[in-house]
Structures are given as C-alpha cells and as structure tokens.
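K.L.:
Coordinates in data16.tsv, TSV, C-alpha atoms and all ligand atoms, are listed below.
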```
chain	number	residue	atom	x	y	z
U	1	MET	CA	109.27	114.19	94.12
U	2	ILE	CA	111.80	116.99	93.73
U	3	LYS	CA	111.55	118.75	90.39
U	4	ARG	CA	115.09	119.57	89.35
U	5	ARG	CA	115.83	122.86	87.65
U	6	LYS	CA	116.75	122.33	83.99
U	7	THR	CA	120.37	123.13	83.26
U	8	ARG	CA	122.62	122.69	80.26
U	9	PRO	CA	124.50	119.44	80.60
U	10	ILE	CA	128.29	119.40	80.48
U	11	ARG	CA	130.64	116.44	80.56
U	12	ILE	CA	133.39	116.13	83.13
U	13	GLY	CA	135.24	113.13	81.74
U	14	ASN	CA	132.66	110.33	81.67
U	15	VAL	CA	130.28	112.07	84.11
U	16	THR	CA	127.43	114.30	82.96
U	17	VAL	CA	126.73	117.27	85.21
U	18	GLY	CA	123.43	119.07	84.68
U	19	GLY	CA	120.57	118.26	82.33
U	20	ASP	CA	118.76	115.13	83.51
U	21	ALA	CA	121.84	113.60	85.10
U	22	PRO	CA	121.70	112.68	88.79
U	23	VAL	CA	123.37	115.11	91.20
U	24	ALA	CA	127.06	114.17	90.96
U	25	VAL	CA	129.14	113.71	94.10
U	26	GLN	CA	132.59	115.21	94.18
U	27	SER	CA	135.39	115.76	96.62
U	28	MET	CA	138.89	117.11	96.73
U	29	THR	CA	142.13	115.35	97.56
U	30	LYS	CA	143.89	116.62	100.67
U	31	THR	CA	147.31	115.33	99.78
U	32	ASP	CA	150.07	117.37	98.20
U	33	THR	CA	149.34	116.80	94.49
U	34	ARG	CA	153.09	116.60	93.91
U	35	ASP	CA	153.08	113.43	96.00
U	36	ILE	CA	151.67	111.27	93.23
U	37	LYS	CA	151.55	108.03	95.20
U	38	ALA	CA	149.68	109.50	98.17
U	39	THR	CA	147.32	111.40	95.89
U	40	LEU	CA	146.48	108.30	93.87
U	41	ARG	CA	145.88	106.34	97.07
U	42	GLN	CA	143.39	108.96	98.18
U	43	ILE	CA	141.74	109.06	94.75
U	44	ASP	CA	141.24	105.28	94.92
U	45	GLN	CA	139.70	105.60	98.39
U	46	LEU	CA	137.38	108.29	97.07
U	47	ARG	CA	136.39	106.14	94.08
U	48	ASP	CA	135.60	103.21	96.38
U	49	ALA	CA	133.42	105.51	98.50
U	50	GLY	CA	131.41	106.48	95.39
U	51	CYS	CA	133.05	109.80	94.57
U	52	GLU	CA	132.37	110.59	90.91
U	53	ILE	CA	134.62	113.60	90.30
U	54	VAL	CA	137.77	114.54	92.16
U	55	ARG	CA	139.45	117.95	92.36
U	56	LEU	CA	143.13	118.49	93.00
U	57	ALA	CA	144.94	121.62	94.10
U	58	VAL	CA	147.51	122.69	91.51
U	59	VAL	CA	149.86	124.95	93.40
U	60	ASP	CA	152.82	125.04	91.03
U	61	PHE	CA	154.33	123.52	87.90
U	62	GLU	CA	155.45	120.41	89.70
U	63	ALA	CA	151.84	119.78	90.78
U	64	ALA	CA	150.59	120.52	87.25
U	65	GLY	CA	153.19	118.08	85.92
U	66	ALA	CA	152.09	115.39	88.40
U	67	LEU	CA	148.64	115.50	86.83
U	68	ALA	CA	149.97	113.68	83.75
U	69	GLU	CA	151.01	110.68	85.84
U	70	ILE	CA	147.86	110.81	87.96
U	71	ARG	CA	145.73	110.98	84.80
U	72	LYS	CA	147.28	107.77	83.51
U	73	SER	CA	146.55	105.90	86.72
U	74	THR	CA	142.88	106.62	87.39
U	75	LEU	CA	139.64	106.69	85.42
U	76	LEU	CA	137.99	109.11	87.84
U	77	PRO	CA	137.32	112.50	86.23
U	78	LEU	CA	139.88	115.03	87.45
U	79	ILE	CA	139.46	118.75	87.98
U	80	ALA	CA	142.44	121.03	88.40
U	81	ASP	CA	141.98	123.76	91.00
U	82	ILE	CA	143.95	126.79	89.83
U	83	HIS	CA	144.48	130.25	91.24
U	84	PHE	CA	146.29	133.23	89.74
U	85	ASP	CA	148.65	131.55	87.26
U	86	TYR	CA	147.08	130.89	83.87
U	87	ARG	CA	150.11	128.79	82.84
U	88	LEU	CA	149.13	126.18	85.42
U	89	ALA	CA	145.73	125.93	83.74
U	90	LEU	CA	147.36	125.41	80.33
U	91	GLU	CA	149.65	122.76	81.77
U	92	ALA	CA	146.76	121.00	83.53
U	93	ILE	CA	144.74	120.92	80.30
U	94	LYS	CA	147.76	119.57	78.43
U	95	ASN	CA	148.12	116.86	81.05
U	96	GLY	CA	144.62	115.57	80.50
U	97	VAL	CA	142.37	116.98	83.23
U	98	ASP	CA	138.63	116.84	82.60
U	99	GLY	CA	137.75	120.18	84.14
U	100	LEU	CA	139.20	123.37	85.55
U	101	ARG	CA	138.17	125.34	88.59
U	102	LEU	CA	139.38	128.88	88.31
U	103	ASN	CA	138.20	132.45	88.34
U	104	PRO	CA	138.94	134.06	84.98
U	105	GLY	CA	139.10	137.42	86.78
U	106	ASN	CA	142.12	136.43	88.84
U	107	ILE	CA	144.48	134.95	86.27
U	108	GLY	CA	146.01	138.17	85.04
U	109	GLY	CA	143.98	139.83	82.31
U	110	ARG	CA	141.93	139.20	79.20
U	111	ASP	CA	144.82	137.96	77.05
U	112	LYS	CA	145.56	135.20	79.60
U	113	VAL	CA	141.87	134.27	79.83
U	114	ILE	CA	141.77	134.00	76.04
U	115	ARG	CA	144.67	131.53	76.09
U	116	VAL	CA	143.06	129.36	78.75
U	117	VAL	CA	139.64	129.43	77.12
U	118	GLN	CA	141.15	128.52	73.74
U	119	ALA	CA	142.95	125.53	75.23
U	120	ALA	CA	139.84	124.49	77.17
U	121	ARG	CA	137.71	124.72	74.04
U	122	GLU	CA	140.14	122.63	72.00
U	123	LYS	CA	140.02	119.82	74.55
U	124	GLN	CA	136.36	120.44	75.49
U	125	VAL	CA	137.33	120.96	79.11
U	126	PRO	CA	134.64	122.74	81.16
U	127	ILE	CA	135.55	125.54	83.54
U	128	ARG	CA	133.92	126.00	86.93
U	129	ILE	CA	133.70	129.63	87.82
U	130	GLY	CA	133.81	129.53	91.58
U	131	VAL	CA	132.86	132.67	93.46
U	132	ASN	CA	133.80	132.70	97.12
U	133	ALA	CA	132.28	135.21	99.57
U	134	GLY	CA	135.70	135.62	101.18
U	135	SER	CA	137.42	136.91	98.05
U	136	LEU	CA	135.00	139.15	96.19
U	137	PRO	CA	136.34	141.85	93.85
U	138	ALA	CA	136.89	145.07	95.81
U	139	ASP	CA	135.19	147.29	93.23
U	140	LEU	CA	131.71	145.78	93.66
U	141	ASP	CA	129.02	148.06	95.11
U	142	LYS	CA	129.46	147.79	98.88
U	143	SER	CA	125.84	148.73	99.48
U	144	LEU	CA	124.76	145.40	97.99
U	145	SER	CA	124.22	142.35	100.20
U	146	THR	CA	126.98	139.75	100.21
U	147	ALA	CA	124.75	137.39	98.21
U	148	ASP	CA	124.11	140.08	95.59
U	149	ARG	CA	127.81	140.88	95.36
U	150	MET	CA	128.56	137.18	94.91
U	151	VAL	CA	126.04	136.94	92.10
U	152	ALA	CA	127.40	140.15	90.50
U	153	ALA	CA	130.94	138.72	90.65
U	154	LEU	CA	129.75	135.47	89.08
U	155	MET	CA	127.91	137.24	86.27
U	156	ARG	CA	130.95	139.36	85.53
U	157	GLU	CA	133.14	136.25	85.23
U	158	ILE	CA	130.57	134.44	83.11
U	159	GLU	CA	130.22	137.41	80.76
U	160	LEU	CA	133.97	137.50	80.31
U	161	VAL	CA	134.11	133.84	79.31
U	162	GLU	CA	130.95	134.02	77.18
U	163	SER	CA	132.43	136.97	75.30
U	164	LEU	CA	135.12	134.54	74.18
U	165	ASP	CA	132.45	132.24	72.81
U	166	PHE	CA	132.87	129.62	75.52
U	167	ASP	CA	129.94	128.02	77.30
U	168	LEU	CA	131.28	124.85	78.92
U	169	ILE	CA	130.63	126.52	82.23
U	170	LYS	CA	129.71	125.35	85.71
U	171	ALA	CA	129.21	127.86	88.49
U	172	SER	CA	129.45	127.96	92.26
U	173	LEU	CA	128.82	130.61	94.90
U	174	LYS	CA	130.25	129.48	98.18
U	175	ALA	CA	130.05	131.16	101.55
U	176	PHE	CA	130.40	129.99	105.12
U	177	ASP	CA	127.13	131.69	106.02
U	178	VAL	CA	124.25	129.39	105.14
U	179	PRO	CA	121.47	131.95	104.43
U	180	THR	CA	123.89	133.94	102.25
U	181	THR	CA	124.77	130.83	100.28
U	182	ILE	CA	121.15	129.84	99.78
U	183	GLU	CA	120.20	133.35	98.66
U	184	ALA	CA	123.14	133.56	96.25
U	185	TYR	CA	122.39	130.22	94.58
U	186	GLN	CA	118.68	130.99	94.34
U	187	LYS	CA	119.38	134.31	92.65
U	188	ALA	CA	122.00	132.87	90.31
U	189	SER	CA	119.72	130.00	89.32
U	190	ARG	CA	117.17	132.54	88.06
U	191	LEU	CA	119.79	134.25	85.90
U	192	ILE	CA	121.73	131.39	84.34
U	193	ASP	CA	121.07	127.85	83.19
U	194	TYR	CA	124.62	126.63	83.56
U	195	PRO	CA	124.95	123.68	85.94
U	196	LEU	CA	125.55	124.65	89.55
U	197	HIS	CA	128.12	123.13	91.88
U	198	LEU	CA	126.86	123.42	95.47
U	199	GLY	CA	128.95	123.70	98.58
U	200	ILE	CA	129.23	125.43	101.92
U	201	THR	CA	132.79	126.55	102.17
U	202	GLU	CA	135.00	125.82	105.17
U	203	ALA	CA	132.08	124.11	106.90
U	204	GLY	CA	134.36	122.76	109.63
U	205	ILE	CA	134.87	119.48	111.42
U	206	PRO	CA	132.13	116.86	111.82
U	207	PRO	CA	129.53	116.96	113.23
U	208	GLU	CA	129.34	120.77	112.96
U	209	GLY	CA	130.57	120.77	109.36
U	210	VAL	CA	128.14	118.03	108.40
U	211	ILE	CA	125.22	119.90	109.97
U	212	ARG	CA	126.19	123.23	108.41
U	213	SER	CA	126.62	121.62	104.98
U	214	THR	CA	123.30	119.83	105.27
U	215	ALA	CA	121.56	123.01	106.43
U	216	GLY	CA	122.84	124.79	103.33
U	217	LEU	CA	122.66	122.12	100.65
U	218	ALA	CA	119.38	120.41	101.53
U	219	PRO	CA	117.08	123.44	101.03
U	220	LEU	CA	118.71	124.18	97.68
U	221	LEU	CA	118.51	120.60	96.51
U	222	TYR	CA	114.90	120.44	97.67
U	223	MET	CA	114.18	123.50	95.50
U	224	GLY	CA	115.68	121.59	92.56
U	225	ILE	CA	118.86	123.68	92.55
U	226	GLY	CA	122.23	121.97	92.25
U	227	ASP	CA	123.79	119.59	89.74
U	228	THR	CA	126.85	118.47	91.67
U	229	ILE	CA	127.81	118.79	95.32
U	230	ARG	CA	130.92	118.85	97.39
U	231	VAL	CA	130.71	118.73	101.16
U	232	SER	CA	133.75	120.56	102.55
U	233	LEU	CA	134.86	119.03	105.83
U	234	THR	CA	137.96	119.27	107.95
U	235	ALA	CA	138.12	115.48	107.80
U	236	PRO	CA	139.35	112.73	105.46
U	237	PRO	CA	137.74	113.28	102.04
U	238	VAL	CA	135.91	109.94	102.15
U	239	GLU	CA	133.78	111.46	104.93
U	240	GLU	CA	132.83	114.25	102.55
U	241	VAL	CA	131.58	111.68	100.04
U	242	GLU	CA	129.70	109.68	102.67
U	243	THR	CA	128.03	112.87	103.92
U	244	ALA	CA	127.13	113.93	100.39
U	245	TYR	CA	125.39	110.63	99.76
U	246	GLU	CA	123.52	110.76	103.04
U	247	ILE	CA	122.20	114.22	102.11
U	248	LEU	CA	121.18	113.04	98.63
U	249	LYS	CA	119.68	109.79	99.96
U	250	SER	CA	117.65	111.72	102.54
U	251	LEU	CA	116.10	113.74	99.72
U	252	ASN	CA	115.56	110.65	97.53
U	253	LEU	CA	117.86	112.21	94.93
U	254	ARG	CA	120.37	109.36	94.87
U	255	SER	CA	120.54	105.87	96.22
U	256	ARG	CA	123.75	104.22	97.20
U	257	GLY	CA	123.93	101.28	99.53
U	258	PRO	CA	121.57	100.61	102.41
U	259	VAL	CA	119.55	103.12	104.41
U	260	LEU	CA	119.72	102.36	108.12
U	261	VAL	CA	116.77	103.38	110.27
U	262	SER	CA	117.04	103.12	114.05
U	263	CYS	CA	114.83	104.41	116.80
U	264	PRO	CA	116.25	106.95	119.24
U	265	THR	CA	115.47	104.57	122.16
U	266	CYS	CA	113.46	105.57	125.21
U	267	GLY	CA	112.12	104.14	128.47
U	268	ARG	CA	110.33	101.41	126.49
U	269	THR	CA	113.47	100.10	124.78
U	270	GLU	CA	113.94	96.37	125.35
U	271	ILE	CA	117.05	95.58	123.29
U	272	ASP	CA	120.45	97.23	122.85
U	273	VAL	CA	119.44	99.29	119.81
U	274	ARG	CA	122.59	101.42	119.75
U	275	ASN	CA	125.09	98.57	119.72
U	276	ILE	CA	123.07	96.49	117.28
U	277	THR	CA	122.79	99.51	114.96
U	278	LEU	CA	126.51	100.29	115.17
U	279	GLU	CA	127.38	96.67	114.42
U	280	ILE	CA	124.99	96.48	111.46
U	281	LYS	CA	126.25	99.83	110.17
U	282	ARG	CA	129.80	98.49	110.25
U	283	HIS	CA	128.79	95.41	108.26
U	284	LEU	CA	126.79	97.45	105.77
U	285	ALA	CA	129.62	99.86	105.02
U	286	SER	CA	130.61	97.95	101.88
U	287	CYS	CA	127.16	96.57	101.04
U	288	PRO	CA	126.08	97.75	97.56
U	289	LYS	CA	122.40	96.79	97.97
U	290	ASN	CA	119.85	99.58	97.98
U	291	LEU	CA	117.76	98.38	100.88
U	292	LYS	CA	116.25	99.86	104.02
U	293	VAL	CA	117.02	98.20	107.35
U	294	ALA	CA	115.14	99.24	110.50
U	295	ILE	CA	116.23	98.53	114.07
U	296	MET	CA	113.49	99.39	116.53
U	297	GLY	CA	113.54	99.01	120.27
U	298	CYS	CA	110.05	97.90	121.27
U	299	VAL	CA	106.75	96.42	120.19
U	300	VAL	CA	104.85	99.70	120.55
U	301	ASN	CA	106.23	101.71	117.60
U	302	GLY	CA	108.73	99.16	116.34
U	303	PRO	CA	106.66	96.80	114.16
U	304	GLY	CA	105.25	99.57	111.95
U	305	GLU	CA	108.66	100.92	110.99
U	306	ALA	CA	110.22	97.44	110.79
U	307	ARG	CA	107.43	96.32	108.44
U	308	ASP	CA	107.86	99.44	106.33
U	309	ALA	CA	111.57	98.70	105.79
U	310	ASP	CA	112.92	95.93	103.55
U	311	ILE	CA	114.31	94.20	106.62
U	312	GLY	CA	113.58	95.15	110.21
U	313	ILE	CA	113.45	94.08	113.80
U	314	ALA	CA	111.23	95.20	116.64
U	315	GLY	CA	112.60	94.44	120.10
U	316	GLY	CA	110.78	92.63	122.91
U	317	LYS	CA	111.91	91.28	126.29
U	318	GLY	CA	115.19	89.50	125.47
U	319	LYS	CA	113.75	88.83	122.01
U	320	ALA	CA	112.98	90.55	118.74
U	321	VAL	CA	110.63	90.02	115.85
U	322	LEU	CA	112.32	89.84	112.47
U	323	PHE	CA	110.50	91.28	109.46
U	324	SER	CA	111.39	90.96	105.79
U	325	ARG	CA	109.56	92.81	103.01
U	326	GLY	CA	106.72	93.68	105.36
U	327	GLU	CA	106.17	90.13	106.61
U	328	LYS	CA	106.91	88.80	110.08
U	329	ILE	CA	109.50	86.05	109.55
U	330	LYS	CA	110.18	84.81	113.07
U	331	THR	CA	110.94	85.64	116.67
U	332	ILE	CA	114.63	85.54	117.56
U	333	ASP	CA	116.68	85.73	120.75
U	334	GLU	CA	118.35	89.04	121.46
U	335	ALA	CA	121.77	87.36	121.28
U	336	ASP	CA	121.06	86.28	117.68
U	337	ILE	CA	119.77	89.60	116.36
U	338	ILE	CA	122.94	90.64	114.55
U	339	THR	CA	123.58	87.23	112.96
U	340	GLU	CA	119.95	86.88	111.89
U	341	LEU	CA	119.82	90.39	110.46
U	342	LEU	CA	123.03	89.89	108.52
U	343	GLY	CA	121.78	86.57	107.16
U	344	GLU	CA	118.55	88.22	106.01
U	345	ILE	CA	120.51	91.08	104.42
U	346	ASP	CA	122.71	88.54	102.57
U	347	ARG	CA	119.65	86.73	101.25
U	348	PHE	CA	118.03	89.99	100.13
U	349	PRO	CA	118.31	90.41	96.34
U	350	GLY	CA	120.76	93.15	95.46
U	401	LIG	S1	110.51	102.41	118.85
U	401	LIG	FE1	109.87	101.95	120.92
U	401	LIG	S2	111.81	101.91	122.04
U	401	LIG	FE2	112.24	102.96	120.17
U	401	LIG	S3	111.96	105.11	120.70
U	401	LIG	FE3	110.04	104.38	119.81
U	401	LIG	S4	108.82	103.79	121.59
U	401	LIG	FE4	110.95	103.96	122.29
```
Would you mind giving the structure from this file in structure tokens?
Ligand code: SF4
P.N.:
Amino acid sequence: MIKRRKTRPIRIGNVTVGGDAPVAVQSMTKTDTRDIKATLRQIDQLRDAGCEIVRLAVVDFEAAGALAEIRKSTLLPLIADIHFDYRLALEAIKNGVDGLRLNPGNIGGRDKVIRVVQAAREKQVPIRIGVNAGSLPADLDKSLSTADRMVAALMREIELVESLDFDLIKASLKAFDVPTTIEAYQKASRLIDYPLHLGITEAGIPPEGVIRSTAGLAPLLYMGIGDTIRVSLTAPPVEEVETAYEILKSLNLRSRGPVLVSCPTCGRTEIDVRNITLEIKRHLASCPKNLKVAIMGCVVNGPGEARDADIGIAGGKGKAVLFSRGEKIKTIDEADIITELLGEIDRFPG
C-alpha cells in the first residue's frame, strides 16, 4: 500500500485535488482554443477516455473569449494556461474557468498579480504555480543545482501569492531530466503541503515519452508524492490519459477498466498469444469493468497466472484452458479462444 503524502485539498470544478482524493488525471487540448468546435470535440474525447481535468492554452483575447462558449458546453473542469498577460487570466476567470496555470512572476509585476489573485479569490479559482526547468529566473544562484533552483523559484512564487493572502495553490516543477524532476518534487514536498501536479515536460513521442514519463512519475507516486498527473506526449491527448491510467493502475493507485496480463511468449508458447491479446485489448478498450484478464501461452507457467486473474487462459497444443475466478471452467479449441474469453468477460459482474 502506498501511503500518500497529506496535502491541502483544493477543488478544480467538481474534482478534488489533494487531501484524500485519488490522484486526478489531467491532459491538455492540442487544438487552437480559438477553434471552439475542434476544442470541444477533443475535450469530449478526453472525457470519454477518463480525463478529469483539461487544460487549454490561452494565447490571446480571442482564445480567452472562446472559453466562455467552451465552458457552457462541457462539464469537465477547465484550466486556463496563461503566460505573460495578466489580462488573459482575468478574462479566463470571468469566462468561468475552474483553475489557472500561470507563474505570478511573469505577468508583469506585483500590481498585476494582486488583480489576478483578487479575481481568483472572488471566484475561488485555484492557481497552479508551474515552474519549468527551461525558464528559471536568471537571478537565481547559479551555483545551485537545477533542482534547487527550481524549488527556489517555486518558493519565491508561492511567497508572492501567499503574501496576498491566497492559498488556493497547486504546484509543479517540471523538467525533461528525470532525476532532476524527482529531486525537485521530493524537496518541494518537504517544504510545502500544497497539492502537487506531476509531469515530465516535453517527454516526447511514444514509446520514449511514455517510458520517460513513467520513469519520472512512478518513483514519486510510489513515495506518496503527487496529487494530479499529466503525461506530456507528442501524441493525441487521449494517449496521455491512457498512459496516465496505466501508470496509476500499475501502482494500484487508481482502477479504470480491465488490466490485461499477457506472457511475453517463448519457445514453449503453444497459442498465438500476441494476436489474441491484441484482439482482446481492442474489445476491452471501452469495457468499464475493473477486472484482470490473463492470456498465457503454455501449461508450464500459464495456469498459475490465469488462475490468479479474474479471467484467464493457459494455452496447450491447439487448445487452451479457460479459468474464471480461479476455477478451471473448460478446455476450448484455439480457434474459439477469443469468442470464449469475450463471453466470459461479458458474464463477469461489472
Ligand atoms: S507462460 Fe509459458 S509460453 Fe508464456 S512465456 Fe511463460 S513459459 Fe513461455
């Protein structure tokens, strides 16, 4: 059991982040926010994939204006991603966003920060202070490690906002370098109890981006650090959500849909494990049941794993043994494996 670090809960729309809430999964639209139709289509795809919070880039006033229309058309909590122009933050808050992502230090001075914080307080809109290793303030002590400079930058931003009596804060410290990211989050988690948003920035295309993100997020999550995650991939955003859930499912932090176990195959394999697995995976894509399905290639190691799953098969010569809830149900022909497995999955209570 992972013992999660205690953080102060905040609400992003109808989603609690921090406290005892499960680690929330978020993503970011990749459409031009000004293209309302395309953005809403992507938000709906994200919602269907299980995304719980969605962030949108607000590049100008037209994009900030589009948020009003987008807000009316989706229930998913929306976060406006703002850089440099505090007026965009005010407009986004006015148009009903549930959260802001901005760095108070880069919106043009204390008077502008005061205006944004006042508006955020009035509407109870949390602000994520997102430090990025690639854009650290130039005046930080260069002799410090990158992780230490990231933490120093974060603390400076937090102090600025706290001095304005605002504490609806979420923090992130993103870097491309995995050890730097882990070190920065570990250090920050000892200093603050605001909820943390985890991510490895610009992780890349799958599978490299998936591996890099997993390498960075999993150790932190295992240490109990992290209240919401975003996997950044150069890929459609739904893949970010799917990857996030796989990471969380692997650590038993969230469950969503089936877990598919399949053996790597070897010289003992007696059935077409790869094709059967791909076919079952395709069918399970929209299955909401939290069940474990095992597809194993032989009778040597197969039955143990198949028995351990909710539903499983262990291959034999042209045949397979079907297991359900630990019990051997029957022996089936190889040609019927997919149909039989799907039937068993359908009958499984969900
Ligand atoms: S389950 Fe059997 S076929 Fe699959 S990898 Fe293990 S030994 Fe090989």
K.L.:
Which residues are near ligand LIG 401 (chain U) - at most 7 Å, using only C-alpha atoms and all ligand atoms? Format: as JSON, numbers by chain.
P.N.:
{"U": [263, 264, 265, 266, 267, 268, 269, 270, 296, 297, 298, 299, 300, 301, 302]}
K.L.:
Write out as a PyMOL selection string each polymer residue whose atoms come within 7 Å of Val259 in chain U, counting all atoms listed in the file; drop sequence neighbours fewer than 5 positions from it.
P.N.:
chain U and resi 291-293
K.L.:
Considering all atoms listed in the file, can you say which of U:Ile225, U:Cys51, U:Ala203, U:Ala133 comes closest to Ser145 in chain U?
P.N.:
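Selected residue with least distance to Ser145 in chain U: U:Ala133.
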K.L.:
Within 12 Å of Ile192 in chain U, counting only C-alpha atoms, which residues show up once you throw out same-chain ones fewer than 4 positions away? Write them as a PDB file with C-alpha atoms, keeping the file's coordinate frame, please.
P.N.:
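The result, stored in result_28.pdb:
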```pdb
ATOM      1  CA  ARG U   5     115.830 122.860  87.650  1.00  0.00           C
ATOM      2  CA  LYS U   6     116.750 122.330  83.990  1.00  0.00           C
ATOM      3  CA  THR U   7     120.370 123.130  83.260  1.00  0.00           C
ATOM      4  CA  ARG U   8     122.620 122.690  80.260  1.00  0.00           C
ATOM      5  CA  VAL U 151     126.040 136.940  92.100  1.00  0.00           C
ATOM      6  CA  LEU U 154     129.750 135.470  89.080  1.00  0.00           C
ATOM      7  CA  MET U 155     127.910 137.240  86.270  1.00  0.00           C
ATOM      8  CA  ILE U 158     130.570 134.440  83.110  1.00  0.00           C
ATOM      9  CA  GLU U 159     130.220 137.410  80.760  1.00  0.00           C
ATOM     10  CA  GLU U 162     130.950 134.020  77.180  1.00  0.00           C
ATOM     11  CA  ASP U 167     129.940 128.020  77.300  1.00  0.00           C
ATOM     12  CA  ILE U 169     130.630 126.520  82.230  1.00  0.00           C
ATOM     13  CA  LYS U 170     129.710 125.350  85.710  1.00  0.00           C
ATOM     14  CA  ALA U 171     129.210 127.860  88.490  1.00  0.00           C
ATOM     15  CA  SER U 172     129.450 127.960  92.260  1.00  0.00           C
ATOM     16  CA  TYR U 185     122.390 130.220  94.580  1.00  0.00           C
ATOM     17  CA  GLN U 186     118.680 130.990  94.340  1.00  0.00           C
ATOM     18  CA  LYS U 187     119.380 134.310  92.650  1.00  0.00           C
ATOM     19  CA  ALA U 188     122.000 132.870  90.310  1.00  0.00           C
ATOM     20  CA  LEU U 196     125.550 124.650  89.550  1.00  0.00           C
ATOM     21  CA  ILE U 225     118.860 123.680  92.550  1.00  0.00           C
TER      22      ILE U 225
END
```
K.L.:
If you measure from CA of Pro258 in chain U to CA of Pro288 in chain U, what distance in Å do you get, rounded to one decimal?
P.N.:
7.2 Å
K.L.:
Using all atoms listed in the file for the distances, tell me which of U:Val241, U:Leu160, U:Leu67, U:Ala306 is nearest to Leu322 in chain U.
P.N.:
U:Ala306
K.L.:
Could you give me range 75-83 of chain U completed to all heavy atoms, formatted as a PDB file, in the frame of the given file?
P.N.:
```
ATOM      1  N   LEU U  75     140.695 106.369  86.385  1.00  0.00           N
ATOM      2  CA  LEU U  75     139.640 106.690  85.420  1.00  0.00           C
ATOM      3  C   LEU U  75     138.717 107.773  85.952  1.00  0.00           C
ATOM      4  O   LEU U  75     137.870 108.290  85.237  1.00  0.00           O
ATOM      5  CB  LEU U  75     138.810 105.427  85.125  1.00  0.00           C
ATOM      6  CG  LEU U  75     139.553 104.303  84.408  1.00  0.00           C
ATOM      7  CD1 LEU U  75     138.671 103.057  84.306  1.00  0.00           C
ATOM      8  CD2 LEU U  75     139.986 104.753  83.014  1.00  0.00           C
ATOM      9  N   LEU U  76     138.878 108.113  87.231  1.00  0.00           N
ATOM     10  CA  LEU U  76     137.990 109.110  87.840  1.00  0.00           C
ATOM     11  C   LEU U  76     138.214 110.480  87.174  1.00  0.00           C
ATOM     12  O   LEU U  76     139.356 110.889  86.983  1.00  0.00           O
ATOM     13  CB  LEU U  76     138.304 109.201  89.342  1.00  0.00           C
ATOM     14  CG  LEU U  76     137.133 109.452  90.291  1.00  0.00           C
ATOM     15  CD1 LEU U  76     136.038 108.411  90.129  1.00  0.00           C
ATOM     16  CD2 LEU U  76     137.624 109.466  91.728  1.00  0.00           C
ATOM     17  N   PRO U  77     137.137 111.161  86.818  1.00  0.00           N
ATOM     18  CA  PRO U  77     137.320 112.500  86.230  1.00  0.00           C
ATOM     19  C   PRO U  77     138.068 113.428  87.187  1.00  0.00           C
ATOM     20  O   PRO U  77     137.790 113.456  88.381  1.00  0.00           O
ATOM     21  CB  PRO U  77     135.873 112.982  86.015  1.00  0.00           C
ATOM     22  CG  PRO U  77     135.063 111.741  85.924  1.00  0.00           C
ATOM     23  CD  PRO U  77     135.724 110.759  86.851  1.00  0.00           C
ATOM     24  N   LEU U  78     139.019 114.173  86.638  1.00  0.00           N
ATOM     25  CA  LEU U  78     139.880 115.030  87.450  1.00  0.00           C
ATOM     26  C   LEU U  78     139.640 116.502  87.125  1.00  0.00           C
ATOM     27  O   LEU U  78     139.548 116.879  85.959  1.00  0.00           O
ATOM     28  CB  LEU U  78     141.362 114.712  87.170  1.00  0.00           C
ATOM     29  CG  LEU U  78     141.823 113.272  87.395  1.00  0.00           C
ATOM     30  CD1 LEU U  78     143.288 113.128  86.985  1.00  0.00           C
ATOM     31  CD2 LEU U  78     141.642 112.860  88.860  1.00  0.00           C
ATOM     32  N   ILE U  79     139.581 117.295  88.162  1.00  0.00           N
ATOM     33  CA  ILE U  79     139.460 118.750  87.980  1.00  0.00           C
ATOM     34  C   ILE U  79     140.666 119.420  88.624  1.00  0.00           C
ATOM     35  O   ILE U  79     141.016 119.121  89.782  1.00  0.00           O
ATOM     36  CB  ILE U  79     138.154 119.271  88.625  1.00  0.00           C
ATOM     37  CG1 ILE U  79     136.948 118.710  87.856  1.00  0.00           C
ATOM     38  CG2 ILE U  79     138.127 120.798  88.644  1.00  0.00           C
ATOM     39  CD1 ILE U  79     135.606 119.186  88.337  1.00  0.00           C
ATOM     40  N   ALA U  80     141.293 120.296  87.865  1.00  0.00           N
ATOM     41  CA  ALA U  80     142.440 121.030  88.400  1.00  0.00           C
ATOM     42  C   ALA U  80     141.959 122.332  89.032  1.00  0.00           C
ATOM     43  O   ALA U  80     141.240 123.103  88.393  1.00  0.00           O
ATOM     44  CB  ALA U  80     143.435 121.315  87.276  1.00  0.00           C
ATOM     45  N   ASP U  81     142.359 122.548  90.272  1.00  0.00           N
ATOM     46  CA  ASP U  81     141.980 123.760  91.000  1.00  0.00           C
ATOM     47  C   ASP U  81     143.133 124.765  90.889  1.00  0.00           C
ATOM     48  O   ASP U  81     144.231 124.518  91.395  1.00  0.00           O
ATOM     49  CB  ASP U  81     141.738 123.378  92.474  1.00  0.00           C
ATOM     50  CG  ASP U  81     141.131 124.517  93.253  1.00  0.00           C
ATOM     51  OD1 ASP U  81     141.881 125.414  93.681  1.00  0.00           O
ATOM     52  OD2 ASP U  81     139.911 124.490  93.442  1.00  0.00           O
ATOM     53  N   ILE U  82     142.875 125.856  90.180  1.00  0.00           N
ATOM     54  CA  ILE U  82     143.950 126.790  89.830  1.00  0.00           C
ATOM     55  C   ILE U  82     143.639 128.185  90.379  1.00  0.00           C
ATOM     56  O   ILE U  82     142.496 128.648  90.281  1.00  0.00           O
ATOM     57  CB  ILE U  82     144.066 126.928  88.290  1.00  0.00           C
ATOM     58  CG1 ILE U  82     144.043 125.566  87.610  1.00  0.00           C
ATOM     59  CG2 ILE U  82     145.252 127.808  87.887  1.00  0.00           C
ATOM     60  CD1 ILE U  82     145.326 124.892  87.378  1.00  0.00           C
ATOM     61  N   HIS U  83     144.629 128.836  90.872  1.00  0.00           N
ATOM     62  CA  HIS U  83     144.480 130.250  91.240  1.00  0.00           C
ATOM     63  C   HIS U  83     145.639 131.039  90.645  1.00  0.00           C
ATOM     64  O   HIS U  83     146.783 130.594  90.687  1.00  0.00           O
ATOM     65  CB  HIS U  83     144.463 130.423  92.768  1.00  0.00           C
ATOM     66  CG  HIS U  83     143.167 129.988  93.365  1.00  0.00           C
ATOM     67  ND1 HIS U  83     142.032 130.755  93.348  1.00  0.00           N
ATOM     68  CD2 HIS U  83     142.825 128.836  93.984  1.00  0.00           C
ATOM     69  CE1 HIS U  83     141.043 130.109  93.944  1.00  0.00           C
ATOM     70  NE2 HIS U  83     141.493 128.929  94.332  1.00  0.00           N
TER      71      HIS U  83
END
```
